[in-house]
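*Asks:* This is the content of run14.txt (compact mmCIF, C-alpha atoms):
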# COMPACT_ATOMS: atom_id res chain seq x y z
CA MET A 1 22.67 27.20 -27.13
CA THR A 2 24.90 25.96 -29.92
CA VAL A 3 22.86 24.94 -32.97
CA LYS A 4 24.11 21.82 -34.71
CA ARG A 5 22.22 20.51 -37.69
CA VAL A 6 22.72 16.75 -37.83
CA LYS A 7 22.52 14.70 -40.99
CA LYS A 8 24.60 11.51 -41.02
CA GLN A 9 24.62 11.31 -37.24
CA LEU A 10 20.85 11.53 -36.97
CA VAL A 11 20.16 7.88 -37.77
CA GLN A 12 22.58 6.74 -35.07
CA LEU A 13 21.04 9.11 -32.55
CA VAL A 14 17.47 8.07 -33.31
CA VAL A 15 18.42 4.43 -32.91
CA GLY A 16 19.86 5.42 -29.55
CA MET A 17 16.52 6.87 -28.47
CA SER A 18 15.44 3.37 -27.42
CA ILE A 19 18.08 3.33 -24.69
CA SER A 20 16.70 2.02 -21.41
CA MET A 21 17.65 2.81 -17.85
CA SER A 22 18.97 -0.76 -17.55
CA ALA A 23 21.59 0.21 -20.13
CA VAL A 24 22.41 3.38 -18.22
CA MET A 25 22.71 1.38 -14.99
CA ALA A 26 24.89 -1.26 -16.65
CA SER A 27 27.27 1.35 -18.01
CA ALA A 28 27.46 2.98 -14.60
CA ALA A 29 27.91 -0.39 -12.82
CA ILE A 30 24.95 0.22 -10.51
CA GLN A 31 23.67 -2.88 -8.76
CA PRO A 32 20.04 -2.96 -7.58
CA PRO A 33 19.44 -3.64 -3.88
CA GLU A 34 18.79 -7.13 -2.55
CA MET A 35 15.84 -7.36 -0.14
CA GLU A 36 13.79 -10.09 1.50
CA ASN A 37 10.41 -9.74 -0.18
CA THR A 38 8.37 -11.33 -2.95
CA ALA A 39 8.60 -8.46 -5.42
CA TYR A 40 9.59 -4.82 -5.67
CA VAL A 41 9.75 -1.97 -8.19
CA LEU A 42 11.35 1.46 -8.13
CA MET A 43 9.96 3.81 -10.79
CA ASP A 44 10.96 7.31 -11.79
CA TYR A 45 7.71 9.28 -11.83
CA ASN A 46 8.64 11.77 -14.53
CA THR A 47 9.71 9.25 -17.18
CA GLY A 48 8.08 6.04 -15.98
CA GLU A 49 11.48 4.32 -16.21
CA ILE A 50 12.13 1.38 -13.89
CA LEU A 51 15.33 1.90 -11.92
CA ALA A 52 15.26 -1.40 -10.04
CA GLN A 53 12.97 -4.40 -9.87
CA LYS A 54 12.49 -7.91 -8.61
CA ASN A 55 9.71 -10.11 -10.00
CA ALA A 56 8.11 -6.91 -11.34
CA ASN A 57 5.58 -8.66 -13.58
CA GLN A 58 4.57 -11.47 -11.23
CA ALA A 59 0.84 -11.41 -10.46
CA LEU A 60 0.44 -11.47 -6.68
CA PRO A 61 -2.27 -10.93 -4.06
CA PRO A 62 -2.28 -7.12 -3.65
CA ALA A 63 -4.23 -6.90 -0.36
CA SER A 64 -5.36 -3.32 0.34
CA LEU A 65 -3.09 -1.90 -2.37
CA THR A 66 -6.23 -2.71 -4.36
CA LYS A 67 -7.86 0.32 -2.79
CA MET A 68 -5.60 2.58 -4.85
CA MET A 69 -7.75 1.67 -7.85
CA THR A 70 -10.95 2.19 -5.85
CA SER A 71 -9.80 5.63 -4.70
CA TYR A 72 -8.48 6.52 -8.18
CA ILE A 73 -11.86 5.87 -9.79
CA ILE A 74 -13.55 7.99 -7.11
CA GLU A 75 -11.03 10.81 -7.62
CA GLN A 76 -11.53 10.83 -11.37
CA ARG A 77 -15.30 10.94 -10.97
CA LEU A 78 -14.99 13.81 -8.54
CA ALA A 79 -12.76 15.65 -11.01
CA SER A 80 -15.25 15.10 -13.86
CA GLY A 81 -18.24 16.17 -11.77
CA ASP A 82 -19.89 12.74 -11.87
CA LEU A 83 -19.53 12.67 -8.08
CA LYS A 84 -19.82 15.55 -5.61
CA GLU A 85 -17.78 15.76 -2.42
CA GLU A 86 -20.83 16.19 -0.16
CA GLU A 87 -22.92 13.61 -2.00
CA GLN A 88 -24.28 11.11 0.53
CA VAL A 89 -23.41 7.42 0.24
CA LEU A 90 -25.42 4.67 1.98
CA MET A 91 -23.66 2.09 4.10
CA SER A 92 -25.64 -0.99 3.13
CA LYS A 93 -25.81 -4.12 5.24
CA ASN A 94 -23.68 -5.86 2.63
CA ALA A 95 -20.95 -3.20 2.83
CA TRP A 96 -21.18 -2.67 6.58
CA CYS A 97 -18.09 -3.62 8.54
CA ARG A 98 -18.57 -5.05 12.00
CA GLY A 99 -14.89 -4.85 12.79
CA SER A 100 -12.50 -7.76 13.29
CA SER A 101 -8.82 -8.57 13.31
CA SER A 102 -9.09 -9.72 9.69
CA GLN A 103 -10.13 -6.42 8.12
CA SER A 104 -9.94 -2.67 8.57
CA CYS A 105 -13.04 -0.49 8.82
CA MET A 106 -14.17 3.13 8.68
CA TYR A 107 -17.09 2.28 10.97
CA VAL A 108 -19.95 4.02 9.23
CA PRO A 109 -23.13 2.66 10.94
CA VAL A 110 -25.28 0.31 8.88
CA ASN A 111 -28.05 2.03 6.89
CA LYS A 112 -26.50 5.43 7.62
CA THR A 113 -24.79 7.69 5.11
CA ALA A 114 -21.45 9.45 4.81
CA SER A 115 -20.24 11.98 2.25
CA VAL A 116 -18.14 10.94 -0.72
CA ILE A 117 -15.16 12.95 0.54
CA ASP A 118 -15.36 11.27 3.96
CA MET A 119 -15.63 7.87 2.30
CA LEU A 120 -12.56 8.70 0.21
CA ARG A 121 -10.58 9.55 3.34
CA GLY A 122 -11.91 6.39 4.97
CA ILE A 123 -10.54 4.36 2.06
CA ILE A 124 -7.14 6.05 1.76
CA ILE A 125 -6.25 6.79 5.39
CA GLN A 126 -8.20 4.18 7.36
CA SER A 127 -8.16 1.53 4.61
CA GLY A 128 -11.84 0.94 5.28
CA ASN A 129 -13.28 -2.12 3.58
CA ASP A 130 -16.76 -0.83 4.40
CA ALA A 131 -16.10 2.51 2.70
CA SER A 132 -14.66 0.74 -0.36
CA LYS A 133 -17.68 -1.53 -0.75
CA ALA A 134 -20.17 1.28 -0.13
CA MET A 135 -18.53 3.46 -2.80
CA ALA A 136 -18.43 0.53 -5.20
CA GLU A 137 -22.16 0.00 -4.75
CA HIS A 138 -22.85 3.73 -5.03
CA ILE A 139 -20.96 4.08 -8.30
CA ALA A 140 -21.74 0.80 -10.04
CA GLY A 141 -24.70 -0.75 -8.20
CA SER A 142 -22.72 -3.69 -6.89
CA GLU A 143 -19.15 -4.59 -6.06
CA ASP A 144 -19.06 -7.09 -8.94
CA SER A 145 -20.04 -4.37 -11.40
CA PHE A 146 -17.49 -2.00 -9.88
CA ALA A 147 -14.77 -4.63 -10.41
CA ILE A 148 -15.54 -4.43 -14.13
CA LEU A 149 -14.86 -0.69 -14.01
CA MET A 150 -11.64 -1.36 -12.12
CA ASN A 151 -10.42 -3.77 -14.78
CA GLU A 152 -11.37 -1.40 -17.58
CA GLN A 153 -9.35 1.34 -15.92
CA ALA A 154 -6.44 -1.05 -15.34
CA GLN A 155 -6.41 -1.81 -19.05
CA LYS A 156 -6.31 1.90 -19.90
CA LEU A 157 -3.30 2.35 -17.63
CA GLY A 158 -1.44 -0.55 -19.22
CA MET A 159 -1.67 -2.80 -16.16
CA GLU A 160 -1.00 -6.07 -17.98
CA ASN A 161 -0.71 -8.50 -15.06
CA THR A 162 -3.63 -7.35 -12.93
CA HIS A 163 -7.17 -8.59 -12.43
CA PHE A 164 -9.55 -7.18 -9.83
CA VAL A 165 -12.42 -9.14 -8.35
CA ASN A 166 -13.33 -6.81 -5.49
CA SER A 167 -12.84 -3.23 -4.30
CA THR A 168 -11.02 -4.01 -1.06
CA GLY A 169 -8.23 -6.49 -1.71
CA MET A 170 -9.66 -9.15 0.58
CA PRO A 171 -8.48 -12.59 -0.59
CA ASP A 172 -10.47 -13.72 -3.59
CA GLU A 173 -9.73 -16.23 -6.34
CA GLY A 174 -8.21 -14.51 -9.35
CA HIS A 175 -7.71 -11.18 -7.56
CA GLU A 176 -4.09 -10.21 -8.29
CA ALA A 177 -1.74 -7.46 -9.40
CA SER A 178 1.95 -7.09 -10.18
CA ALA A 179 4.37 -4.66 -8.57
CA LEU A 180 4.96 -2.94 -11.92
CA ASP A 181 1.22 -2.50 -12.49
CA LEU A 182 0.77 -1.00 -9.03
CA ALA A 183 3.59 1.45 -9.76
CA LYS A 184 1.76 2.47 -12.95
CA LEU A 185 -1.41 3.00 -10.94
CA ALA A 186 0.42 5.05 -8.31
CA ARG A 187 1.93 7.21 -11.05
CA ALA A 188 -1.54 7.84 -12.48
CA ILE A 189 -2.86 8.85 -9.06
CA VAL A 190 -0.05 11.36 -8.53
CA LYS A 191 -0.47 12.74 -12.05
CA ASN A 192 -4.25 12.81 -12.42
CA SER A 193 -5.84 13.15 -8.99
CA GLY A 194 -5.10 16.84 -8.45
CA ASP A 195 -5.71 18.15 -4.94
CA TYR A 196 -7.15 14.79 -3.88
CA TYR A 197 -3.64 13.36 -3.95
CA GLY A 198 -2.95 15.37 -0.81
CA ILE A 199 -5.21 13.00 1.14
CA TYR A 200 -2.62 10.24 0.76
CA ALA A 201 -0.26 12.24 2.98
CA GLU A 202 -2.78 12.83 5.79
CA LYS A 203 -1.62 11.03 8.92
CA GLU A 204 -5.00 10.39 10.57
CA PHE A 205 -8.73 10.66 10.07
CA THR A 206 -11.55 10.76 12.59
CA TYR A 207 -15.02 9.50 11.74
CA ASN A 208 -17.89 8.50 14.00
CA GLY A 209 -15.76 9.51 16.98
CA ILE A 210 -13.03 7.02 16.04
CA THR A 211 -9.58 8.32 15.12
CA GLN A 212 -7.38 6.03 13.05
CA GLY A 213 -3.85 6.67 11.89
CA ASN A 214 -2.48 6.21 8.38
CA ARG A 215 -0.61 2.90 8.31
CA ASN A 216 2.09 4.31 6.02
CA ALA A 217 4.88 4.68 8.60
CA LEU A 218 7.07 6.63 6.18
CA LEU A 219 4.75 9.63 6.47
CA SER A 220 6.01 10.11 10.03
CA THR A 221 9.69 9.41 9.39
CA ASP A 222 10.37 11.01 5.98
CA SER A 223 9.00 14.45 5.15
CA THR A 224 9.55 13.86 1.43
CA VAL A 225 7.08 10.95 1.36
CA ASP A 226 3.49 11.98 0.52
CA GLY A 227 1.73 8.69 -0.24
CA LEU A 228 0.41 6.18 -1.08
CA LYS A 229 -1.00 2.96 0.45
CA THR A 230 -0.31 -0.03 2.65
CA GLY A 231 -1.74 -3.53 2.47
CA HIS A 232 -1.66 -6.79 4.38
CA THR A 233 -3.24 -10.22 4.27
CA ASP A 234 -1.78 -13.59 5.16
CA ALA A 235 -1.52 -14.42 1.45
CA ALA A 236 -0.02 -11.08 0.40
CA GLY A 237 2.27 -10.42 3.33
CA TYR A 238 2.99 -6.82 4.25
CA CYS A 239 2.99 -4.43 1.29
CA LEU A 240 3.59 -0.73 0.74
CA VAL A 241 3.45 1.65 -2.21
CA ALA A 242 5.25 4.91 -1.42
CA SER A 243 6.08 8.09 -3.29
CA SER A 244 8.82 10.56 -2.40
CA ASN A 245 9.64 13.94 -3.95
CA ARG A 246 13.14 15.24 -3.30
CA GLU A 247 14.48 18.38 -4.97
CA GLY A 248 12.11 18.10 -7.91
CA MET A 249 12.67 14.39 -8.55
CA ARG A 250 9.87 11.98 -7.61
CA LEU A 251 10.29 8.23 -7.18
CA ILE A 252 7.62 5.58 -6.63
CA SER A 253 8.45 2.40 -4.73
CA VAL A 254 6.40 -0.79 -4.51
CA ILE A 255 7.24 -3.42 -1.91
CA MET A 256 5.24 -6.67 -1.82
CA GLY A 257 5.41 -9.73 0.41
CA THR A 258 7.52 -8.71 3.39
CA GLU A 259 7.23 -10.36 6.81
CA SER A 260 6.24 -7.36 8.95
CA GLN A 261 5.11 -3.75 9.02
CA GLN A 262 8.62 -2.74 10.03
CA ALA A 263 10.15 -4.65 7.13
CA ARG A 264 7.93 -3.03 4.51
CA ALA A 265 8.76 0.42 5.88
CA ASP A 266 12.49 -0.27 6.14
CA GLN A 267 12.68 -1.76 2.65
CA SER A 268 10.69 1.09 1.12
CA ARG A 269 13.04 3.57 2.78
CA GLU A 270 16.08 1.63 1.56
CA LEU A 271 14.78 1.45 -1.99
CA LEU A 272 13.95 5.16 -2.17
CA ASN A 273 17.29 6.15 -0.66
CA TRP A 274 19.08 3.90 -3.14
CA GLY A 275 17.26 5.53 -6.04
CA PHE A 276 17.88 9.10 -4.94
CA GLY A 277 21.47 8.21 -4.10
CA HIS A 278 22.31 6.89 -7.56
CA PHE A 279 20.07 8.84 -9.95
CA THR A 280 19.18 12.41 -10.71
CA THR A 281 17.03 14.42 -13.08
CA VAL A 282 18.90 17.00 -15.14
CA THR A 283 17.11 19.79 -16.98
CA LYS A 284 19.19 20.75 -20.02
CA ALA A 285 16.66 23.20 -21.46
CA PRO A 286 13.39 24.61 -20.13
CA ALA A 287 10.26 24.85 -22.24
CA GLY A 288 10.25 28.03 -24.33
CA GLN A 289 14.02 28.40 -24.49
CA PHE A 290 15.27 30.17 -27.61
CA VAL A 291 16.97 27.83 -30.09
CA SER A 292 17.51 29.72 -33.31
CA LYS A 293 16.06 31.84 -36.08
CA ILE A 294 15.90 30.30 -39.54
CA PRO A 295 14.96 31.70 -42.95
CA VAL A 296 11.45 31.26 -44.34
CA TRP A 297 10.78 30.97 -48.06
CA PHE A 298 7.58 32.24 -49.69
CA GLY A 299 6.34 33.88 -46.48
CA GLU A 300 5.26 37.29 -45.31
CA ALA A 301 8.16 37.17 -42.81
CA GLU A 302 11.74 36.42 -43.80
CA GLU A 303 12.51 34.28 -40.76
CA VAL A 304 10.88 32.52 -37.84
CA GLU A 305 12.05 32.12 -34.25
CA LEU A 306 12.29 28.61 -32.81
CA THR A 307 12.05 27.53 -29.16
CA THR A 308 11.86 24.30 -27.20
CA GLY A 309 8.32 22.96 -26.94
CA ASP A 310 8.83 21.27 -23.55
CA ASN A 311 11.36 20.83 -20.75
CA LEU A 312 14.29 18.69 -21.85
CA GLN A 313 14.75 16.59 -18.72
CA ILE A 314 17.03 13.59 -18.51
CA LEU A 315 16.96 10.84 -15.92
CA THR A 316 20.51 9.61 -15.52
CA SER A 317 22.94 8.14 -13.05
CA LYS A 318 24.79 10.75 -11.04
CA THR A 319 28.09 9.50 -12.47
CA GLN A 320 26.92 10.40 -15.97
CA LYS A 321 25.16 13.71 -15.39
CA ASN A 322 28.17 15.74 -16.54
CA LYS A 323 28.42 13.75 -19.78
CA ILE A 324 25.14 15.05 -21.21
CA THR A 325 25.38 17.13 -24.37
CA THR A 326 22.65 18.44 -26.66
CA VAL A 327 22.18 18.24 -30.40
CA VAL A 328 19.74 20.39 -32.36
CA ASP A 329 18.15 18.91 -35.46
CA ILE A 330 16.45 21.62 -37.53
CA PRO A 331 16.30 22.30 -41.27
CA GLU A 332 18.33 25.02 -43.01
CA SER A 333 15.10 26.82 -43.86
CA LEU A 334 11.32 26.44 -43.91
CA GLU A 335 8.56 27.16 -46.38
CA ALA A 336 5.42 29.12 -45.52
CA PRO A 337 2.75 28.68 -44.32
CA ILE A 338 3.97 27.97 -40.78
CA LYS A 339 1.69 27.69 -37.76
CA LYS A 340 2.56 28.82 -34.25
CA GLY A 341 3.51 25.74 -32.22
CA GLN A 342 4.32 23.71 -35.34
CA GLU A 343 7.07 21.17 -34.72
CA VAL A 344 10.00 21.80 -37.03
CA GLY A 345 12.77 19.79 -35.38
CA LYS A 346 14.07 18.20 -32.19
CA LEU A 347 16.45 19.01 -29.39
CA MET A 348 18.15 15.81 -28.24
CA ALA A 349 20.09 14.99 -25.09
CA VAL A 350 23.03 12.72 -25.81
CA ILE A 351 25.17 10.54 -23.54
CA ASP A 352 28.13 8.66 -25.03
CA GLY A 353 26.78 9.14 -28.56
CA LYS A 354 23.29 7.89 -27.74
CA ALA A 355 20.20 10.07 -27.61
CA VAL A 356 18.47 9.45 -24.28
CA ALA A 357 15.73 12.08 -24.46
CA SER A 358 14.30 14.62 -26.88
CA VAL A 359 11.76 17.44 -27.05
CA PRO A 360 10.20 19.14 -30.06
CA ILE A 361 11.49 22.43 -31.40
CA ILE A 362 8.57 24.62 -32.40
CA ALA A 363 7.83 27.83 -34.29
CA THR A 364 6.87 30.72 -32.03
CA ASN A 365 4.54 32.47 -34.47
CA ASP A 366 2.45 32.08 -37.63
CA VAL A 367 4.02 32.91 -40.98
CA GLU A 368 1.48 33.23 -43.78
CA GLN A 369 2.31 32.77 -47.44
CA SER A 370 3.32 35.91 -49.28
CA GLY A 371 1.52 37.14 -52.41
CA PHE A 372 1.83 35.47 -55.78
CA MET A 373 4.37 37.89 -57.27
CA SER A 374 6.53 37.77 -54.16
CA ARG A 375 6.57 33.98 -54.26
CA MET A 376 7.53 34.01 -57.97
CA TRP A 377 10.43 36.33 -57.22
CA GLN A 378 11.65 34.11 -54.37
CA HIS A 379 11.40 31.04 -56.63
CA ALA A 380 13.68 32.82 -59.07
CA VAL A 381 16.14 33.79 -56.35
CA ARG A 382 16.18 30.25 -55.03
CA TRP A 383 16.80 28.85 -58.53
CA VAL A 384 19.78 31.14 -58.99
CA GLN A 385 21.19 30.24 -55.57
CA ASN A 386 20.96 26.55 -56.41
CA LEU A 387 23.18 27.08 -59.46
CA PHE A 388 26.14 27.88 -57.23
The structure in this file should be written as structure tokens.

*Replies:*
Amino acid sequence: MTVKRVKKQLVQLVVGMSISMSAVMASAAIQPPEMENTAYVLMDYNTGEILAQKNANQALPPASLTKMMTSYIIEQRLASGDLKEEEQVLMSKNAWCRGSSSQSCMYVPVNKTASVIDMLRGIIIQSGNDASKAMAEHIAGSEDSFAILMNEQAQKLGMENTHFVNSTGMPDEGHEASALDLAKLARAIVKNSGDYYGIYAEKEFTYNGITQGNRNALLSTDSTVDGLKTGHTDAAGYCLVASSNREGMRLISVIMGTESQQARADQSRELLNWGFGHFTTVTKAPAGQFVSKIPVWFGEAEEVELTTGDNLQILTSKTQKNKITTVVDIPESLEAPIKKGQEVGKLMAVIDGKAVASVPIIATNDVEQSGFMSRMWQHAVRWVQNLF
């Protein structure tokens, strides 16, 4: 790696750090797809950047996409130990689902119990309204109280145009979410749900002798898709949040308000293919890559080794991937004490003179201060050097 210490250029580069993917797309003349729906979003999972959108911030009826928040809360409570997988959950009369054309059910008998892990599968795979309500009551005492937890979690995730009233997504006044917010939620599920995320890719689930298939048609037609959730009501239309991981790059698509199951699947496929076709993730430097050694003043060691503190990954259009260069910003020297892992500079990825990503450059080891006499001698040496 070539080490370049930037001074005058640094201000320009830092200003460039605010570059957005819309600017990258504009410079590459990439036009987002046009589709017949109410709203859509395509998000890059790694960076959270929005690659394409239509009405992304419009609050809309989310139908059973709501259940992503219900399942996310359950997953986080399982991860923390507040819930146990085999913990039994009562199917109350209020939560019980008799089955009808207007809602989907897991079909746990009234006043019977099912385990938390079965309820979670019933929510994700079967889209069970009964399982959602039963878990809401189990966690918060009532569905109304659970909705408060849902909104608190939405706020933590930065979901600015979302308000939950129930755990299922059944039509309810004031129950709404935007496509962008649902993409943020999907990203959190992929990132934070650990092994439980694998449930979103399961194609069917059998409970009480009834086998129901996952309504996400992409799971059967695209091996790179591993989630997340479908939804449908008359008010919401047909909706689908999907996630696809191809060659180390993951994209999240949100489609809302299409006219049919086929349309939501086709449009999700089109949007994902468009994203993977035009964009790529480039790794310019892995975490821990050697950068340089620089002198240390007043320390027990004369120099310290520097490495990258994280992967330097850049989301860019495929037409620009060969234009990426790197710039290293580190000082000429450091003064002890220095702590292992201490950030001492930045490695920046630059496209057309603009910094589009950066990672910290860190010290690989501690350097303690030297003794008093040694420091006095180095002060004298430094003073003499500064005269010339």

*Asks:* Nearest residue to Asn46 of chain A out of A:Pro295, A:Gly277, A:Gly248, A:Gly345, using all atoms listed in the file?

*Replies:*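 Looking at the shortest contact to Asn46 of chain A, the residue is A:Gly248.
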
*Asks:* Could you check how far atom CA of Ala242 of chain A sits from atom CA of Cys97 of chain A, in Å to one decimal?

*Replies:*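 Separating atom CA of Ala242 of chain A from atom CA of Cys97 of chain A is a distance of 26.8 Å.
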
*Asks:* Using all atoms listed in the file, which of A:Thr113, A:Asn273, A:Thr258, A:Thr70 sits nearest Leu90 of chain A?

*Replies:*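 Among A:Thr113, A:Asn273, A:Thr258, A:Thr70, it is A:Thr113 that comes nearest to Leu90 of chain A.
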
*Asks:* Once 5 Å is added on each side, what are the centre and the three edge lengths, in Å to one decimal, of the axis-aligned box enclosing the listed atoms of segment 54-61 of chain A? Present them as lines of an AutoDock Vina configuration file.

*Replies:*
center_x = 5.1
center_y = -9.2
center_z = -8.8
size_x = 24.8
size_y = 14.6
size_z = 19.5

*Asks:* Go through A:Lys112, A:His175, A:Arg246, A:Lys284 one by one, measure the shortest atom-to-atom distance of each to Asn208 of chain A using only C-alpha atoms, and give the residue with the smallest value.

*Replies:* A:Lys112

*Asks:* Using all atoms listed in the file, find the one residue out of A:Ile255, A:Leu347, A:Ala63, A:Leu218 that sits nearest to Pro286 of chain A.

*Replies:*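 Nearest candidate to Pro286 of chain A out of A:Ile255, A:Leu347, A:Ala63, A:Leu218: A:Leu347.
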
*Asks:* What gap, in Å, lies between atom CA of Gln31 of chain A and atom CA of Leu271 of chain A?

*Replies:*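 A separation of 12.0 Å between them.
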
*Asks:* Go ahead and compute the interatomic distance for atom CA of Ser127 of chain A and atom CA of Thr206 of chain A, in Å to one decimal.

*Replies:*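 Here the two named atoms are 12.7 Å from each other.
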
*Asks:* Which one is closest to Val108 of chain A: A:Phe290, A:Phe164, A:Trp96, A:Phe279? Count all atoms listed in the file.

*Replies:* A:Trp96

*Asks:* I'd like to know which of A:Ile338, A:Ala147, A:Ala201, A:Val254 is closest to Ser223 of chain A, using all atoms listed in the file.

*Replies:*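 Counting all atoms listed in the file, the residue closest to Ser223 of chain A is A:Ala201.
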
*Asks:* Residues near Asn37 of chain A, anyone? I mean within 9 Å using all atoms listed in the file, not counting same-chain ones fewer than 5 positions away, as a list in words.

*Replies:* Lys54, Gly237, Ile255, Met256, Gly257, Thr258, Glu259, Ala263, Arg264 and Gln267 of chain A

*Asks:* Residues near Ala301 of chain A, anyone? I mean within 8 Å using all atoms listed in the file, not counting same-chain ones fewer than 5 positions away, as a PyMOL selection string.

*Replies:* chain A and resi 296+367-368
